[in-house]
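Written out below as structure tokens is the structure these notes cover.
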Amino acid sequence: MPLPVTPFMWAGAALPLLLLLYLLVRRQWPAVNASAAAALAAFVVAFMQYRAPLGLLLGEAGKGLWNSASIIAVTVTAILMYEVSREAGGFAAIQRDLTRLIPDRLLQVLALGWCFTSFLQGPSGFGVPIAVTAPLLIGIGVAPLWAVLVPLMAHAWANTFGTLALAWEALAQQTSLGADPAAYQQAALWTGTLTGLLCLLAGGLICWQYRGLAGLKRGLPAVLILGGIQAGGQLLLCRITPILCAVLPTTVALGAAFALGRLPRYARRYDETSPMFKEEGAPRAENARLSLHEALLPYYALVGISVFVLLTPPVASFLGTWKMSLSFAASATGHGFNNPAAPAYGPVAWLTHSAAFLLAASLLSGGYFARKGLIGREGARRIMANTLRKSLPASLSVALLLVMSKVMSGSGQVDVLAGGTAAAAGGLYALLAPLVGTLGAFMSSSNVSSNILFGAFQESVARMIHKDPALILAAQTSGGAIGTMFSPSKVLLGTTTAGIVGQEGAIIRRLLGIALAAALLMGLIVLAFA
């Protein structure tokens, strides 16, 4: 029996998402409370309207909890690395030397908030760039709210080919791209173009938000150079080596940002009043006892370990053989929506997971700082206590959000949302294709999950409305990249390490309009060329 796609069913499916946004953005509820209410709404809709039996609901909730485990692991280990660096005085040292190497404060924000965040997205992902960069920006005087907003905006473009092209490969596996080299190449080119445009928009937006038109004029040369390296490099490499087409350009761009700091235009301070910076300015750091390279040791270790393990096939293969997964039985709703059995659901190779790299980097750098006498027993206790205290609220919220997402997808609510949208749009569906990807990433906090959820659906719709599937699939994953900009669990990662838990709604409210405008612009481009 086909799943009925009616306005009533569509409204029910939309209810949990609308409730989540309303409670976070309008009512300013804490993320834990809003996530719990939205998850409860998803359960009620699934049981009452979508005829999902209790066994199905419990199974999907179990899948959501298991999916959340890998994100929670990143949350805990990212906070651990932050606490290690903070206890050793690393942020003071970074602030001291970064302001010396790059005197211009706007260029500092671009270097850390845009280039460094994108650089981290290349090998790691899973929210690591947000969790790591936010406290670094606070260290140079950026206000905590902006320290979360900036990397969220800036890293989104790299979410398809970042994490060593994991989202891109997921899209290829879920669709015919993997079996059609010509379509694969064409989709890669379109994806590189669309996400590259998103990269340039992010750089310009940061400058605008720094100080309006004056900030845009000041930062435009840097945006064109750094954005050209990142977006242009990705576009050149996406059809040759997708796995490295974010890693290599962002590495070059990060080096270029420091080179720009030596040019006359940026070699002097540009510190006119900006809403991004706290009124009292950056903290003083004259007494920092670490050199810049010592302060950056946790980040060197993180990137070095990640790149070595993931780009050394024998090592990656050996460590990747140890996986954990759960088994779930098949299930079906009263409307006939089926979930196949999953004997090995969501396998996670923990030894090649970002959390393992973060933990290793924390332990290595922590050991070095301890030998230098910067972290003692009391300091170690503070690190552990602060890590646990900051991790718990974020972890609970992430678990609730992923449970909501899986209950919605397992009961058919996600399919009704997408199918109803496609039916209503008709020939204009190409305009909305990026929004479908955005919805998937917003719900699951992952472009990978969005491509798994909607990749095959988008391809089917493209063929039904006689549009180029390669272009529509590029819109899917590019829209998914936009969705990671304001997904609640990634926002939570940032607010947790920035020390502003409870302000998730304010951040999502600021980013929602930006994300929707970017998705609409992308949709107009897709519609024009479809």
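FYI, nothing fancy with the structure tokens labels: chains A, B, ... in order, residues from 1 per chain, ligands from 1 as they appear.
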
Could you make a table, as CSV, of the residues of region 13-104 of chain A that have an atom within 10 Å of an atom of region 496-501 of chain A, each with its nearest atom pair and distance in Å to one decimal, counting only C-alpha atoms, in chain and number order?
```
residue,atom,partner,partner_atom,distance
A:Pro30,CA,A:Val501,CA,7.9
A:Ala31,CA,A:Val501,CA,8.4
A:Thr75,CA,A:Thr496,CA,8.5
A:Val76,CA,A:Thr497,CA,9.9
A:Ala78,CA,A:Thr497,CA,8.0
A:Ile79,CA,A:Thr497,CA,6.0
A:Leu80,CA,A:Thr497,CA,9.5
A:Met81,CA,A:Thr497,CA,10.0
A:Tyr82,CA,A:Thr497,CA,7.2
A:Glu83,CA,A:Thr497,CA,8.9
```

Review point. Which one of A:Pro4, A:Pro340, A:Gly523, A:Gly505 sits closest to Leu20 (chain A) if you count only C-alpha atoms?
Key: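 Among the listed residues, the smallest separation from Leu20 (chain A) belongs to A:Gly505.
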
**Study point:** Among the residues A:Leu254, A:Leu311, A:Val247, A:Val74, the one that comes closest to Ala222 (chain A) [using only C-alpha atoms]
**Key:**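 Among the listed residues, the smallest separation from Ala222 (chain A) belongs to A:Leu254.
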
**Study point:** Contacts of region 143-156 of chain A within 7 Å, only C-alpha atoms, excl. fewer than 5 positions in-chain, as a PyMOL selection string
**Key:** chain A and resi 113-114+117-118+121+130+133-134+137-138+202+206+276-278+481-482+484-485+494-495+498+507

Practice item. Pick out the residues sitting within 9 Å of Leu171 (chain A), and hand them over as a VMD selection string; count only C-alpha atoms, and ignore anything fewer than 5 positions along from it in its own chain. Key: chain A and resid 166 177 to 178 448 450 to 452 454 to 456 473 476 to 477

Practice item. Identify, on the basis of only C-alpha atoms, every residue whose closest approach to Leu363 (chain A) does not exceed 10 Å; exclude the query and any residue fewer than 2 positions from it along the same chain; express the result as a list in words. Key: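 Near Leu363 (chain A), the qualifying residues are Leu80, Met81, Val84, Pro298, Ala301, Phe357, Leu358, Leu359, Ala360, Ala361, Ser365, Gly366, Gly367, Tyr368 and Phe369 of chain A.
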
Check your understanding: Between A:Ala69, A:Leu453, A:Ile375, A:Leu106, which one has atoms that come closest to Pro347 (chain A), using only C-alpha atoms?
Key ->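 Of all the options, A:Ala69 lies closest to Pro347 (chain A).
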
Exercise for review: Select, from A:Val461, A:Lys323, A:Leu235, A:Phe126, the residue with the minimum atom-to-atom distance to Ser489 (chain A), counting only C-alpha atoms.
Suggested key: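 Comparing A:Val461, A:Lys323, A:Leu235, A:Phe126 against Ser489 (chain A), the winner is A:Phe126.
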
Check your understanding: Hey, what's within 10 Å of Leu205 (chain A) if we count only C-alpha atoms and toss same-chain stuff fewer than 3 positions away? As an NGL selection string, please?
Key -> :A and (150 or 153-154 or 199-202 or 208-210 or 212 or 215-216 or 223 or 514)

How close does each residue of region 351-442 of chain A get to region 316-322 of chain A, giving the shortest atom pair and distance in Å to one decimal for every residue with an atom at most 10 Å away, counting only C-alpha atoms, sorted by chain and residue number, as a Markdown table?
```
| residue | atom | partner | partner_atom | distance |
| --- | --- | --- | --- | --- |
| A:Leu351 | CA | A:Leu319 | CA | 5.7 |
| A:Thr352 | CA | A:Gly320 | CA | 6.0 |
| A:His353 | CA | A:Gly320 | CA | 9.0 |
```

Output all heavy atoms for every residue in the selection just made, as a short mmCIF file (atom, residue, chain, number, x, y, z; two decimals), in the first residue's frame.
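Output (result_36.cif):
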```
data_model
loop_
_atom_site.label_atom_id
_atom_site.label_comp_id
_atom_site.auth_asym_id
_atom_site.auth_seq_id
_atom_site.Cartn_x
_atom_site.Cartn_y
_atom_site.Cartn_z
N LEU A 351 38.66 3.53 15.26
CA LEU A 351 40.09 3.86 15.22
C LEU A 351 40.44 4.81 14.08
O LEU A 351 41.54 5.38 14.07
CB LEU A 351 40.93 2.58 15.12
CG LEU A 351 40.84 1.65 16.34
CD1 LEU A 351 41.73 0.43 16.14
CD2 LEU A 351 41.25 2.40 17.62
N THR A 352 39.53 4.96 13.12
CA THR A 352 39.76 5.95 12.05
C THR A 352 38.71 7.05 12.11
O THR A 352 38.52 7.78 11.13
CB THR A 352 39.71 5.27 10.66
OG1 THR A 352 38.45 4.62 10.49
CG2 THR A 352 40.83 4.26 10.51
N HIS A 353 38.05 7.18 13.23
CA HIS A 353 37.02 8.20 13.43
C HIS A 353 37.67 9.50 13.92
O HIS A 353 38.73 9.48 14.56
CB HIS A 353 36.00 7.69 14.46
CG HIS A 353 34.77 8.52 14.54
ND1 HIS A 353 34.65 9.60 15.39
CD2 HIS A 353 33.58 8.44 13.88
CE1 HIS A 353 33.45 10.14 15.25
NE2 HIS A 353 32.79 9.46 14.35
#
```

Check your understanding: Per DSSP on the backbone, what are the strand (DSSP E) residues of region 89-336 of chain A, as a list in words?
Key ->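 Restricting region 89-336 of chain A to strand (DSSP E) produces Met324, Ser325, Leu326, Ser327, Phe328, Ser331 and Ala332 of chain A.
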
Exercise for review: Write out as a list in words each polymer residue whose atoms come within 9 Å of Gly410 (chain A), counting only C-alpha atoms; drop sequence neighbours fewer than 6 positions from it.
Suggested key: Ala46, Ala52, Leu56, Leu57, Gly59, Glu60, Ser331, Ala332, Thr333, Phe337, Asn338 and Asn339 of chain A

Practice item. Based on DSSP run over this structure's backbone, return all residues of region 126-185 of chain A in helix (DSSP H, G or I), as a PyMOL selection string. Key: chain A and resi 128-139+144-159+162-174+176-179+181-185

Practice item. Find the residue from A:Ala92, A:Ala380, A:Leu396, A:Val45 that sits nearest to Ala14 (chain A); use only C-alpha atoms when measuring. Key: A:Val45

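Proximity ranking of A:Ala356, A:Val307, A:Gly127, A:Leu512 relative to Ile71 (chain A) places A:Gly127 first, based on only C-alpha atoms.
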
Check your understanding: For the atom pair CA of Leu400 (chain A) and CA of Ala422 (chain A), what is the interatomic distance in Å to one decimal place?
Key -> 28.3 Å
